[in-house]
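Participant: One file is attached below, work-v4.txt, containing compact mmCIF, C-alpha atoms.
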```
# COMPACT_ATOMS: atom_id res chain seq x y z
CA MET A 1 55.93 -11.90 -22.17
CA PHE A 2 52.58 -12.26 -23.91
CA PHE A 3 51.87 -15.55 -22.09
CA ARG A 4 52.70 -14.00 -18.76
CA TYR A 5 50.23 -11.22 -19.48
CA ILE A 6 47.48 -13.70 -20.41
CA THR A 7 48.17 -15.78 -17.27
CA ALA A 8 47.99 -12.68 -15.11
CA VAL A 9 44.66 -11.67 -16.64
CA LEU A 10 43.29 -15.19 -16.23
CA LEU A 11 44.42 -15.34 -12.59
CA CYS A 12 42.74 -12.02 -11.95
CA MET A 13 39.51 -13.26 -13.49
CA VAL A 14 39.56 -16.46 -11.42
CA TYR A 15 40.21 -14.42 -8.30
CA MET A 16 37.31 -12.09 -9.04
CA LEU A 17 34.95 -14.96 -9.82
CA SER A 18 35.86 -16.87 -6.68
CA ASN A 19 35.34 -13.76 -4.58
CA GLN A 20 31.92 -13.33 -6.08
CA CYS A 21 31.12 -16.99 -5.40
CA VAL A 22 32.07 -16.68 -1.76
CA ALA A 23 29.93 -13.57 -1.46
CA GLN A 24 26.95 -15.26 -3.06
CA GLN A 25 27.25 -18.37 -0.93
CA LYS A 26 26.76 -16.34 2.19
CA ILE A 27 23.28 -15.14 1.36
CA GLN A 28 20.63 -17.47 0.10
CA SER A 29 18.24 -16.16 -2.51
CA ILE A 30 14.78 -17.66 -2.13
CA SER A 31 11.40 -17.48 -3.86
CA PHE A 32 8.22 -16.40 -2.11
CA LYS A 33 7.05 -20.03 -2.11
CA GLU A 34 10.16 -21.02 -0.18
CA LEU A 35 9.73 -18.14 2.25
CA ASP A 36 6.08 -19.04 2.76
CA GLU A 37 7.06 -22.64 3.49
CA ARG A 38 9.56 -21.48 6.08
CA ILE A 39 6.98 -19.26 7.73
CA HIS A 40 4.50 -22.12 7.94
CA GLN A 41 6.99 -24.77 9.01
CA PRO A 42 5.85 -26.44 12.23
CA SER A 43 8.02 -25.32 15.13
CA ASP A 44 7.76 -24.52 18.80
CA THR A 45 9.19 -21.01 18.53
CA THR A 46 8.07 -17.54 17.58
CA LEU A 47 9.33 -16.31 14.25
CA LEU A 48 10.22 -12.70 13.47
CA VAL A 49 10.40 -11.97 9.74
CA HIS A 50 11.79 -8.52 9.03
CA PHE A 51 11.51 -7.10 5.51
CA TRP A 52 14.10 -4.49 4.60
CA ALA A 53 16.64 -3.41 1.98
CA THR A 54 19.87 -1.46 1.84
CA TRP A 55 18.16 1.02 -0.52
CA CYS A 56 15.58 1.82 2.15
CA ARG A 57 16.96 4.52 4.42
CA SER A 58 14.41 4.10 7.20
CA CYS A 59 15.24 0.38 7.24
CA VAL A 60 18.95 1.06 7.54
CA GLU A 61 18.32 3.62 10.28
CA GLU A 62 16.45 1.13 12.44
CA LEU A 63 18.32 -2.08 11.59
CA GLU A 64 20.37 -1.71 14.76
CA THR A 65 17.18 -2.17 16.81
CA TYR A 66 16.39 -5.44 15.05
CA ASN A 67 19.99 -6.59 15.17
CA GLY A 68 19.99 -6.16 18.95
CA LEU A 69 17.06 -8.54 19.39
CA ASN A 70 19.19 -11.69 19.44
CA THR A 71 20.90 -10.54 22.61
CA GLN A 72 17.62 -9.46 24.15
CA PHE A 73 15.67 -12.65 23.43
CA ASP A 74 16.66 -16.30 23.61
CA ALA A 75 17.03 -17.90 20.18
CA LYS A 76 15.13 -20.90 21.53
CA HIS A 77 12.05 -18.70 21.84
CA LEU A 78 12.51 -16.17 19.07
CA LYS A 79 13.89 -17.05 15.65
CA ILE A 80 14.86 -14.01 13.58
CA LEU A 81 14.92 -13.93 9.79
CA PHE A 82 15.94 -10.84 7.81
CA VAL A 83 14.38 -10.82 4.36
CA SER A 84 16.29 -8.45 2.09
CA LEU A 85 14.42 -6.92 -0.84
CA ASP A 86 17.58 -5.60 -2.45
CA PHE A 87 17.97 -5.42 -6.20
CA LYS A 88 19.72 -8.44 -7.72
CA GLN A 89 22.68 -6.39 -8.92
CA ASP A 90 23.25 -4.99 -5.42
CA ILE A 91 23.55 -8.33 -3.59
CA SER A 92 27.20 -9.10 -4.17
CA THR A 93 28.25 -5.46 -4.18
CA LYS A 94 26.24 -3.56 -1.58
CA LEU A 95 24.42 -6.09 0.59
CA VAL A 96 27.31 -8.38 1.51
CA SER A 97 29.60 -5.58 2.64
CA PHE A 98 26.73 -3.87 4.44
CA LEU A 99 25.96 -7.01 6.47
CA ALA A 100 29.60 -7.47 7.38
CA GLN A 101 30.00 -3.83 8.32
CA LYS A 102 26.87 -3.82 10.50
CA ARG A 103 27.77 -7.23 11.97
CA ILE A 104 24.35 -8.70 11.29
CA ALA A 105 24.19 -11.89 13.30
CA SER A 106 20.75 -13.15 12.31
CA GLU A 107 20.04 -15.19 9.21
CA VAL A 108 19.58 -13.13 6.05
CA VAL A 109 17.87 -14.28 2.87
CA VAL A 110 17.17 -12.33 -0.30
CA LEU A 111 13.65 -12.57 -1.69
CA ASN A 112 13.94 -13.23 -5.38
CA GLU A 113 10.58 -11.98 -6.68
CA SER A 114 9.96 -9.26 -9.23
CA ASP A 115 6.23 -8.53 -8.84
CA GLY A 116 5.21 -7.39 -5.36
CA ASN A 117 1.58 -7.76 -6.37
CA ASP A 118 2.01 -11.55 -6.33
CA TRP A 119 3.12 -11.88 -2.73
CA ILE A 120 2.84 -8.71 -0.56
CA GLU A 121 -0.79 -9.40 0.31
CA ARG A 122 0.04 -12.99 1.23
CA ILE A 123 2.35 -11.82 4.02
CA ASP A 124 -0.40 -9.62 5.41
CA LYS A 125 -3.62 -8.22 3.99
CA THR A 126 -2.94 -4.82 5.54
CA TRP A 127 0.57 -4.45 4.07
CA SER A 128 0.77 -1.66 1.50
CA GLY A 129 4.25 -2.72 0.37
CA THR A 130 6.14 -0.10 2.35
CA ILE A 131 9.28 -1.26 4.11
CA PRO A 132 10.49 -1.69 6.80
CA ALA A 133 7.82 -4.20 7.71
CA THR A 134 7.75 -6.97 10.28
CA LEU A 135 5.74 -10.13 10.71
CA LEU A 136 5.68 -11.87 14.08
CA ILE A 137 4.25 -15.38 14.30
CA ASN A 138 3.90 -17.48 17.37
CA VAL A 139 3.98 -20.75 15.44
CA PRO A 140 2.38 -23.09 18.04
CA SER A 141 -0.57 -20.77 18.69
CA ASN A 142 -0.64 -19.37 15.13
CA LYS A 143 -0.97 -15.83 16.49
CA ARG A 144 0.28 -13.22 14.02
CA VAL A 145 1.18 -9.57 14.42
CA PHE A 146 2.19 -7.36 11.51
CA PHE A 147 3.40 -3.79 11.35
CA GLU A 148 4.91 -1.57 8.65
CA GLY A 149 7.06 1.52 8.91
CA GLN A 150 9.71 2.48 11.43
CA VAL A 151 9.04 1.40 15.02
CA ASN A 152 10.56 2.48 18.29
CA PRO A 153 12.55 -0.13 20.26
CA THR A 154 10.14 -0.06 23.23
CA PHE A 155 7.16 -0.83 20.98
CA LEU A 156 9.05 -3.66 19.28
CA SER A 157 10.13 -5.29 22.57
CA LYS A 158 6.61 -4.99 23.95
CA GLU A 159 5.09 -6.64 20.86
CA ILE A 160 7.62 -9.50 21.01
CA GLU A 161 7.16 -10.06 24.74
CA GLU A 162 3.41 -10.12 24.26
CA ILE A 163 3.46 -12.67 21.47
CA LEU A 164 6.03 -14.84 23.28
CA ARG A 165 3.75 -14.96 26.34
CA GLU A 166 0.94 -16.30 24.15
CA LYS A 167 2.46 -19.81 24.15
CA TYR A 168 2.96 -20.11 27.88
CA ASP A 169 -0.41 -18.86 29.03
CA MET B 1 -34.71 -50.44 28.20
CA LYS B 2 -35.49 -46.97 27.06
CA ILE B 3 -35.04 -43.94 29.32
CA CYS B 4 -36.96 -40.82 28.44
CA LEU B 5 -36.99 -37.42 30.02
CA SER B 6 -40.76 -37.89 30.46
CA ASP B 7 -40.13 -40.78 32.82
CA PHE B 8 -38.88 -38.27 35.38
CA VAL B 9 -40.83 -35.10 34.70
CA ASP B 10 -44.29 -34.30 33.30
CA ASN B 11 -45.04 -33.16 29.76
CA LYS B 12 -45.33 -29.49 30.59
CA THR B 13 -41.82 -29.43 32.07
CA VAL B 14 -40.46 -31.22 28.96
CA ARG B 15 -42.04 -28.56 26.76
CA ASN B 16 -40.54 -25.85 28.95
CA ILE B 17 -37.06 -27.43 28.77
CA MET B 18 -37.36 -27.86 24.99
CA LYS B 19 -38.41 -24.23 24.65
CA LYS B 20 -35.39 -23.12 26.68
CA ILE B 21 -33.04 -25.26 24.59
CA TYR B 22 -34.57 -23.81 21.43
CA ILE B 23 -34.17 -20.21 22.63
CA LEU B 24 -30.61 -20.92 23.80
CA SER B 25 -29.61 -22.42 20.46
CA VAL B 26 -31.14 -19.55 18.49
CA VAL B 27 -29.31 -17.03 20.69
CA SER B 28 -25.99 -18.88 20.36
CA VAL B 29 -26.30 -19.19 16.56
CA VAL B 30 -26.92 -15.43 16.34
CA LEU B 31 -24.00 -14.68 18.68
CA ILE B 32 -21.62 -16.99 16.84
CA SER B 33 -22.51 -15.51 13.46
CA LEU B 34 -22.11 -11.97 14.81
CA GLY B 35 -18.72 -12.96 16.22
CA ALA B 36 -17.71 -14.54 12.92
CA ILE B 37 -18.77 -11.45 10.95
CA PHE B 38 -16.85 -9.22 13.36
CA ALA B 39 -13.72 -11.40 13.23
CA PHE B 40 -13.94 -11.59 9.44
CA GLN B 41 -14.25 -7.83 9.16
CA LYS B 42 -11.30 -7.41 11.46
CA ILE B 43 -9.13 -9.67 9.31
CA ASN B 44 -10.18 -7.93 6.11
CA MET B 45 -9.91 -4.47 7.54
CA ALA B 46 -8.01 -2.37 5.05
CA PRO B 47 -5.24 -0.11 6.36
CA PRO B 48 -6.27 3.51 6.77
CA THR B 49 -5.87 4.73 3.22
CA GLY B 50 -6.92 7.57 1.00
CA TYR B 51 -9.04 7.37 -2.11
CA ALA B 52 -10.49 4.06 -3.22
CA VAL B 53 -11.19 3.15 -6.83
CA GLY B 54 -14.42 4.91 -7.85
CA ASP B 55 -13.94 7.83 -5.45
CA GLU B 56 -14.00 11.43 -6.62
CA VAL B 57 -10.52 12.95 -6.36
CA GLN B 58 -10.27 16.48 -4.97
CA ASP B 59 -8.34 18.84 -7.21
CA PHE B 60 -5.07 20.23 -5.85
CA ARG B 61 -2.80 23.19 -6.55
CA LEU B 62 0.88 22.37 -6.26
CA LYS B 63 4.04 24.17 -7.29
CA GLY B 64 5.84 22.66 -10.25
CA THR B 65 9.54 22.77 -11.08
CA SER B 66 8.78 25.39 -13.76
CA GLY B 67 7.72 27.70 -10.92
CA GLN B 68 4.05 27.58 -11.93
CA PHE B 69 1.26 26.13 -9.84
CA VAL B 70 -0.56 23.18 -11.40
CA SER B 71 -4.10 21.87 -10.88
CA MET B 72 -5.87 18.98 -12.59
CA ALA B 73 -8.54 21.40 -13.83
CA ASP B 74 -5.94 23.55 -15.67
CA ASN B 75 -5.99 21.38 -18.75
CA ARG B 76 -9.50 21.29 -20.17
CA ASN B 77 -8.60 18.84 -22.94
CA VAL B 78 -7.49 15.89 -20.86
CA LYS B 79 -9.45 12.67 -20.47
CA GLY B 80 -7.65 12.05 -17.21
CA TYR B 81 -4.21 11.89 -15.63
CA ILE B 82 -1.55 9.38 -14.75
CA ILE B 83 -0.48 10.67 -11.33
CA VAL B 84 2.80 9.25 -10.03
CA PHE B 85 4.08 10.04 -6.56
CA THR B 86 7.82 9.80 -6.97
CA CYS B 87 11.00 11.49 -5.80
CA ASN B 88 14.70 11.96 -6.49
CA HIS B 89 16.36 9.93 -3.74
CA CYS B 90 14.54 6.57 -3.90
CA PRO B 91 16.23 3.81 -5.94
CA PHE B 92 12.81 2.41 -6.83
CA SER B 93 11.75 5.79 -8.22
CA LYS B 94 15.04 6.12 -10.07
CA ALA B 95 14.53 2.69 -11.61
CA TYR B 96 11.12 3.81 -12.88
CA GLU B 97 12.11 7.31 -14.02
CA GLY B 98 12.60 6.34 -17.66
CA ARG B 99 9.32 4.45 -17.70
CA ILE B 100 7.43 7.41 -16.19
CA MET B 101 8.87 9.62 -18.94
CA ALA B 102 7.82 7.05 -21.53
CA LEU B 103 4.28 6.96 -20.12
CA ASP B 104 3.93 10.71 -20.70
CA ARG B 105 5.41 10.48 -24.20
CA LYS B 106 2.92 7.77 -25.09
CA TYR B 107 -0.25 8.91 -23.33
CA ALA B 108 -0.14 12.73 -23.14
CA SER B 109 -1.25 12.97 -26.76
CA MET B 110 -3.99 10.43 -26.07
CA GLY B 111 -5.43 12.61 -23.28
CA PHE B 112 -3.68 11.07 -20.28
CA PRO B 113 -0.63 13.16 -19.39
CA VAL B 114 1.59 12.34 -16.42
CA LEU B 115 1.62 14.48 -13.28
CA ALA B 116 4.55 13.62 -10.99
CA ILE B 117 4.31 14.62 -7.34
CA ASN B 118 7.11 14.48 -4.78
CA PRO B 119 5.54 13.70 -1.39
CA ASN B 120 8.70 13.74 0.76
CA ASP B 121 9.67 16.19 3.44
CA PRO B 122 12.73 17.80 1.82
CA SER B 123 14.40 18.29 5.20
CA ALA B 124 14.64 14.50 5.50
CA TYR B 125 16.30 14.02 2.12
CA GLU B 126 18.43 16.77 0.66
CA GLU B 127 18.05 15.17 -2.79
CA ASP B 128 14.30 15.77 -2.61
CA SER B 129 14.53 19.55 -2.18
CA PHE B 130 12.66 21.77 -4.63
CA GLU B 131 15.96 22.97 -6.14
CA ASN B 132 17.08 19.39 -6.72
CA MET B 133 13.69 18.55 -8.23
CA GLN B 134 14.22 21.45 -10.64
CA LEU B 135 17.71 20.19 -11.48
CA VAL B 136 16.47 16.66 -12.25
CA ALA B 137 13.46 17.85 -14.26
CA LYS B 138 15.70 20.12 -16.32
CA SER B 139 18.58 17.71 -16.87
CA LYS B 140 16.24 14.84 -17.83
CA ASN B 141 14.06 17.21 -19.83
CA TYR B 142 10.80 16.08 -18.23
CA SER B 143 7.86 16.58 -20.58
CA PHE B 144 5.44 16.48 -17.63
CA ALA B 145 4.90 18.62 -14.52
CA TYR B 146 6.97 17.62 -11.49
CA LEU B 147 5.20 19.01 -8.42
CA GLN B 148 6.16 19.41 -4.80
CA ASP B 149 3.58 18.53 -2.15
CA GLU B 150 4.89 20.97 0.40
CA THR B 151 2.15 20.50 3.00
CA GLN B 152 1.94 16.75 2.20
CA GLU B 153 -1.85 17.08 2.29
CA VAL B 154 -2.36 15.82 -1.26
CA SER B 155 -0.20 12.76 -0.56
CA LYS B 156 -2.25 12.04 2.56
CA ALA B 157 -5.52 12.45 0.65
CA PHE B 158 -4.26 9.92 -1.91
CA GLY B 159 -3.17 7.58 0.89
CA VAL B 160 0.38 7.48 -0.44
CA THR B 161 2.79 5.60 1.83
CA ARG B 162 5.71 5.02 -0.55
CA THR B 163 7.35 6.11 -3.77
CA PRO B 164 6.72 5.30 -6.52
CA SER B 165 2.93 5.03 -6.27
CA ALA B 166 0.84 5.35 -9.41
CA PHE B 167 -2.78 6.44 -9.83
CA VAL B 168 -4.96 6.81 -12.90
CA VAL B 169 -7.87 9.25 -12.71
CA LYS B 170 -10.56 9.76 -15.34
CA ARG B 171 -12.27 13.06 -16.02
CA GLU B 172 -16.06 13.03 -15.93
CA GLY B 173 -17.21 16.58 -16.65
CA ASN B 174 -15.62 18.69 -13.95
CA ARG B 175 -14.93 15.75 -11.70
CA PHE B 176 -11.98 13.37 -11.56
CA ILE B 177 -12.70 9.77 -10.62
CA MET B 178 -10.10 7.31 -9.30
CA GLN B 179 -9.65 4.38 -11.67
CA TYR B 180 -6.38 2.68 -10.74
CA ILE B 181 -4.13 2.56 -7.65
CA GLY B 182 -0.83 0.73 -7.48
CA ALA B 183 2.34 -0.22 -9.28
CA ILE B 184 3.53 0.99 -12.68
CA ASP B 185 4.34 -2.54 -13.84
CA ASP B 186 5.42 -5.93 -12.51
CA ASN B 187 9.21 -5.63 -12.65
CA VAL B 188 11.08 -2.76 -11.07
CA GLN B 189 14.56 -4.18 -11.64
CA ASP B 190 14.40 -5.07 -15.28
CA PRO B 191 12.25 -3.06 -17.71
CA ASN B 192 12.90 -5.69 -20.38
CA SER B 193 11.34 -8.45 -18.30
CA VAL B 194 8.07 -6.64 -17.66
CA THR B 195 5.04 -8.78 -18.50
CA LYS B 196 2.22 -6.83 -16.85
CA ARG B 197 2.02 -3.12 -17.60
CA TYR B 198 -0.52 -2.21 -14.94
CA VAL B 199 -0.77 1.54 -15.61
CA GLU B 200 -0.76 1.13 -19.40
CA ASP B 201 -3.45 -1.56 -19.15
CA ALA B 202 -5.61 0.68 -16.94
CA VAL B 203 -5.32 3.65 -19.33
CA GLY B 204 -5.90 1.31 -22.28
CA ASN B 205 -9.09 0.00 -20.65
CA ILE B 206 -10.38 3.55 -20.05
CA LEU B 207 -9.50 4.70 -23.58
CA SER B 208 -11.45 1.81 -25.06
CA GLY B 209 -14.43 2.63 -22.84
CA LYS B 210 -14.11 -0.45 -20.65
CA PRO B 211 -13.88 -0.69 -16.88
CA VAL B 212 -10.33 -1.11 -15.55
CA ILE B 213 -9.77 -4.85 -15.08
CA MET B 214 -6.84 -4.74 -12.67
CA SER B 215 -7.73 -1.68 -10.59
CA THR B 216 -5.44 -2.12 -7.59
CA THR B 217 -1.99 -3.69 -7.28
CA ARG B 218 0.67 -3.71 -4.59
CA SER B 219 4.35 -3.01 -4.87
CA LEU B 220 7.37 -2.17 -2.81
CA GLY B 221 8.80 1.29 -2.53
CA CYS B 222 10.55 3.83 -0.33
CA ALA B 223 8.57 4.97 2.69
CA VAL B 224 7.38 8.58 2.45
CA LYS B 225 9.11 10.82 4.96
CA TRP B 226 6.43 12.84 6.77
CA LYS B 227 7.03 16.17 8.42
CA SER B 228 7.00 15.74 12.17
```
Would you mind giving the structure from this file in C-alpha cells?

Facilitator:
Amino acid sequence: MFFRYITAVLLCMVYMLSNQCVAQQKIQSISFKELDERIHQPSDTTLLVHFWATWCRSCVEELETYNGLNTQFDAKHLKILFVSLDFKQDISTKLVSFLAQKRIASEVVVLNESDGNDWIERIDKTWSGTIPATLLINVPSNKRVFFEGQVNPTFLSKEIEEILREKYD
Amino acid sequence: MKICLSDFVDNKTVRNIMKKIYILSVVSVVLISLGAIFAFQKINMAPPTGYAVGDEVQDFRLKGTSGQFVSMADNRNVKGYIIVFTCNHCPFSKAYEGRIMALDRKYASMGFPVLAINPNDPSAYEEDSFENMQLVAKSKNYSFAYLQDETQEVSKAFGVTRTPSAFVVKREGNRFIMQYIGAIDDNVQDPNSVTKRYVEDAVGNILSGKPVIMSTTRSLGCAVKWKS
C-alpha cells in the first residue's frame, strides 16, 4: 500500500515536471545581448519588435491588432517578433496559456533582464520604458521607427507600409 | 606632358574659378555641419517630458487617503521628498509596494519622507479608485501619504508615463529642486537580488551633501491611464 502511494506521488511529480518542461520549451528566454544581435542580424526584410507583457493591460487590449499583422503583411517582407517582459514566475503559468488562448502565431521570446536601465535606451533613446512599445526596422536600409503606448490599427498599418516601401524606392 | 588650367584660360579667369571653388567649399562645409547638427539633435531629441533634474518643482495640493489635502510645503522640517507615482492595479507597483514602505521607514526620520501619488484615471481601473486606495493604505498601514491626482495635472507636470516612477526632490528654502528621476532599484522581480538602489543612493548622496551621481534611470512599468 505504502509503495503504491509513493509510486503515485512520484508519477504525479514526473507528470508535473514534464508539463512544465514542455511549456518552457515553447518560449525561448533570451538576454538583451541576444535580442540586440537578432535585431542587427543582416536580412532583407523589415523587422517588427513588439514589447509587451501579460501584466500590461493596454498591451493585452491591443495585442489583437499586432496578432493580425501576419495575415495583413507577407512574412517575406515583415518579420514579427513579440518580446514579452513578463515576470519569470509568470512564464509557465500565465504567459503560455495566454498565448495559446489568444492564438498568437508570431514568434514570442521572453526578455530575461532585470534592470531596464541597462537596455531600454539601447532600443530607442526616446523610450521611457512604458509598454506597449514597438520598434520597426527596415534592415537593408537601416531605417528605424519607434513608438510607445497604445496605437490605433490604421496608424500601425500606415507606419508599416511606409517603412516597407523604403526598400523598394 | 603637363596640362594646366592656365594653358587654356588666362590667369584672371583661373583666380576667378579658384575663388568660386573656395566660396562653394566654404558654403558646403557650413551646410553639411548645420545638417549634421540638426540630424544629431533630432536623434537625441528627448521625448516630451516634465521636470528635468535641476528644475524647480511646483508644489501641489492633492487629496490623501486620510481625507486631508497634502502639499510639499506642509511639512517645514523636511529636507526633501521621495515622490513615487504608483497605484493599486499594476503588478510592477505591487512588486515595489513593500520597498516603498521600507523607504519611508528608513528615510522619513532622516528628512526624506515618501509621498505616493496615484496618477491613474480611476474609471479605467476600478482597483485604482479613491475608496480602493483608502482600503490598501489602511490594510497595509501605510506610514506615508497616498494621494490621488484627480485632475492628472501633477502627473503631467512630472512627465510621468508609467507606474511606478520615482522622483527625489530636495528642499532649498521654500523651493523644491528635482534631484533624481527614474527607477526605485535595478530588480523589480526579486528584492533579494537588487544590486543598485537608485533612490537610496540618490537620497544618500543628498544627505551627505554631494551631487546625485546617478540622477536619471529608466525602467519598465504600467502605462498611466489618462482621462480622455

Participant: Just want the 10 Å neighbourhood of B:Met214, counted on all atoms listed in the file, with same-chain residues fewer than 4 positions away dropped. Output as a list in words.

Facilitator: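 In the requested form, the answer reads Gln179, Tyr180, Ile181, Gly182, Tyr198, Val199, Asp201, Ala202 and Asn205 of chain B.
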
Participant: Atom CA of B:Asp190 and atom CA of A:Glu113 are how many Å apart?

Facilitator: 11.7 Å

Participant: I need the chain B residues near chain A as a ChimeraX atom specification; criterion: at most 6 Å, counting only C-alpha atoms.

Facilitator: /B:46-47,162,186-187,217-223

Participant: Nearest residue to B:Met101 out of B:Lys79, B:Tyr142, B:Gly64, B:Ser71, using all atoms listed in the file?

Facilitator: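 Of all the options, B:Tyr142 lies closest to B:Met101.
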
Participant: What is the atom CA of B:Tyr146 to atom CA of B:Pro119 distance in Å?

Facilitator: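 Atom CA of B:Pro119 lies 10.9 Å from atom CA of B:Tyr146.
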
Participant: For a quick check of understanding, using all atoms listed in the file, which of B:Ala102, B:Val154, B:Ile213, B:Ala52 has the smallest distance to B:Ile184?

Facilitator: B:Ala102

Participant: May I ask for the distance between atom CA of B:Ile100 and atom CA of B:Lys196, given in Å to one decimal place?

Facilitator: 15.2 Å

Participant: Let me make sure I understand: among B:Asn118, B:Glu172, B:Met72, B:Asp104, which one has the smallest atom-to-atom distance to B:Asp59 if we use all atoms listed in the file?

Facilitator: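 Selected residue with least distance to B:Asp59: B:Met72.
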
Participant: Taking only C-alpha atoms into account, which of B:Asn88, B:Gln189, B:Ser66, B:Thr151 comes nearest B:Lys138?

Facilitator: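 Using only C-alpha atoms, B:Lys138 sits closest to B:Ser66.
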
Participant: Rank B:Val160, B:Val114, B:Val188, B:Val169 by their smallest atom-to-atom distance to B:Glu56, using only C-alpha atoms, and report the top residue only.

Facilitator: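 Of B:Val160, B:Val114, B:Val188, B:Val169, the one nearest B:Glu56, counting only C-alpha atoms, is B:Val169.
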
Participant: Can you tell me which residues surround A:Leu164 at a distance of at most 8 Å, considering all atoms listed in the file, apart from same-chain residues fewer than 5 positions away, and format the answer as a short mmCIF file (atom, residue, chain, number, x, y, z; two decimals) with C-alpha atoms, in the frame of the given file?

Facilitator:
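Result written to result-v4.cif:
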```cif
data_model
loop_
_atom_site.label_atom_id
_atom_site.label_comp_id
_atom_site.auth_asym_id
_atom_site.auth_seq_id
_atom_site.Cartn_x
_atom_site.Cartn_y
_atom_site.Cartn_z
CA THR A 46 8.07 -17.54 17.58
CA HIS A 77 12.05 -18.70 21.84
CA LEU A 78 12.51 -16.17 19.07
CA ASN A 138 3.90 -17.48 17.37
#
```

Participant: Kindly indicate which residue among A:Ile137, A:Val110, A:Ile163, A:Leu47 lies nearest to A:Ile80, using only C-alpha atoms for the distances.

Facilitator: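 So, comparing all the options, the nearest one is A:Leu47.
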
Participant: List as a JSON list (two decimals) with C-alpha atoms, in the coordinates of the input the protein and nucleic acid residues near B:Tyr51, meaning an atom at most 8 Å away when only C-alpha atoms are counted, but skip any in the same chain fewer than 2 places from it.

Facilitator:
```
[["chain", "number", "residue", "atom", "x", "y", "z"],
["B", 49, "THR", "CA", -5.87, 4.73, 3.22],
["B", 53, "VAL", "CA", -11.19, 3.15, -6.83],
["B", 55, "ASP", "CA", -13.94, 7.83, -5.45],
["B", 56, "GLU", "CA", -14.00, 11.43, -6.62],
["B", 57, "VAL", "CA", -10.52, 12.95, -6.36],
["B", 157, "ALA", "CA", -5.52, 12.45, 0.65],
["B", 158, "PHE", "CA", -4.26, 9.92, -1.91],
["B", 159, "GLY", "CA", -3.17, 7.58, 0.89],
["B", 178, "MET", "CA", -10.10, 7.31, -9.30]]
```

Participant: Do you know which residues are at most 10 Å from B:Phe130 counting only C-alpha atoms, after dropping those on the same chain fewer than 4 positions away, and could you put them as a list in words?

Facilitator: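 These residues fall inside the cut-off: Lys63, Gly64, Thr65, Gly67, Asn118, Pro122, Glu126, Gln134, Leu135, Val136, Tyr146, Leu147, Gln148, Asp149 and Glu150 of chain B.
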
Participant: Write out the residues from the selection above, keeping C-alpha atoms, as a short mmCIF file (atom, residue, chain, number, x, y, z; two decimals), in the coordinates of the input.

Facilitator:
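Result saved to part-v2.cif:
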```cif
data_model
loop_
_atom_site.label_atom_id
_atom_site.label_comp_id
_atom_site.auth_asym_id
_atom_site.auth_seq_id
_atom_site.Cartn_x
_atom_site.Cartn_y
_atom_site.Cartn_z
CA LYS B 63 4.04 24.17 -7.29
CA GLY B 64 5.84 22.66 -10.25
CA THR B 65 9.54 22.77 -11.08
CA GLY B 67 7.72 27.70 -10.92
CA ASN B 118 7.11 14.48 -4.78
CA PRO B 122 12.73 17.80 1.82
CA GLU B 126 18.43 16.77 0.66
CA GLN B 134 14.22 21.45 -10.64
CA LEU B 135 17.71 20.19 -11.48
CA VAL B 136 16.47 16.66 -12.25
CA TYR B 146 6.97 17.62 -11.49
CA LEU B 147 5.20 19.01 -8.42
CA GLN B 148 6.16 19.41 -4.80
CA ASP B 149 3.58 18.53 -2.15
CA GLU B 150 4.89 20.97 0.40
#
```

Participant: Residues within 9 Å of B:Asp121, please, as a PDB file with C-alpha atoms, in the coordinates of the input. Count all atoms listed in the file; anything in the same chain fewer than 6 positions from it doesn't count.

Facilitator:
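part38.pdb, written as the output of this step:
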```pdb
ATOM      1  CA  ASP B 128      14.300  15.770  -2.610  1.00  0.00           C
ATOM      2  CA  SER B 129      14.530  19.550  -2.180  1.00  0.00           C
ATOM      3  CA  ASP B 149       3.580  18.530  -2.150  1.00  0.00           C
ATOM      4  CA  GLU B 150       4.890  20.970   0.400  1.00  0.00           C
ATOM      5  CA  THR B 151       2.150  20.500   3.000  1.00  0.00           C
ATOM      6  CA  GLN B 152       1.940  16.750   2.200  1.00  0.00           C
ATOM      7  CA  VAL B 224       7.380   8.580   2.450  1.00  0.00           C
ATOM      8  CA  LYS B 225       9.110  10.820   4.960  1.00  0.00           C
ATOM      9  CA  TRP B 226       6.430  12.840   6.770  1.00  0.00           C
ATOM     10  CA  LYS B 227       7.030  16.170   8.420  1.00  0.00           C
TER      11      LYS B 227
END
```
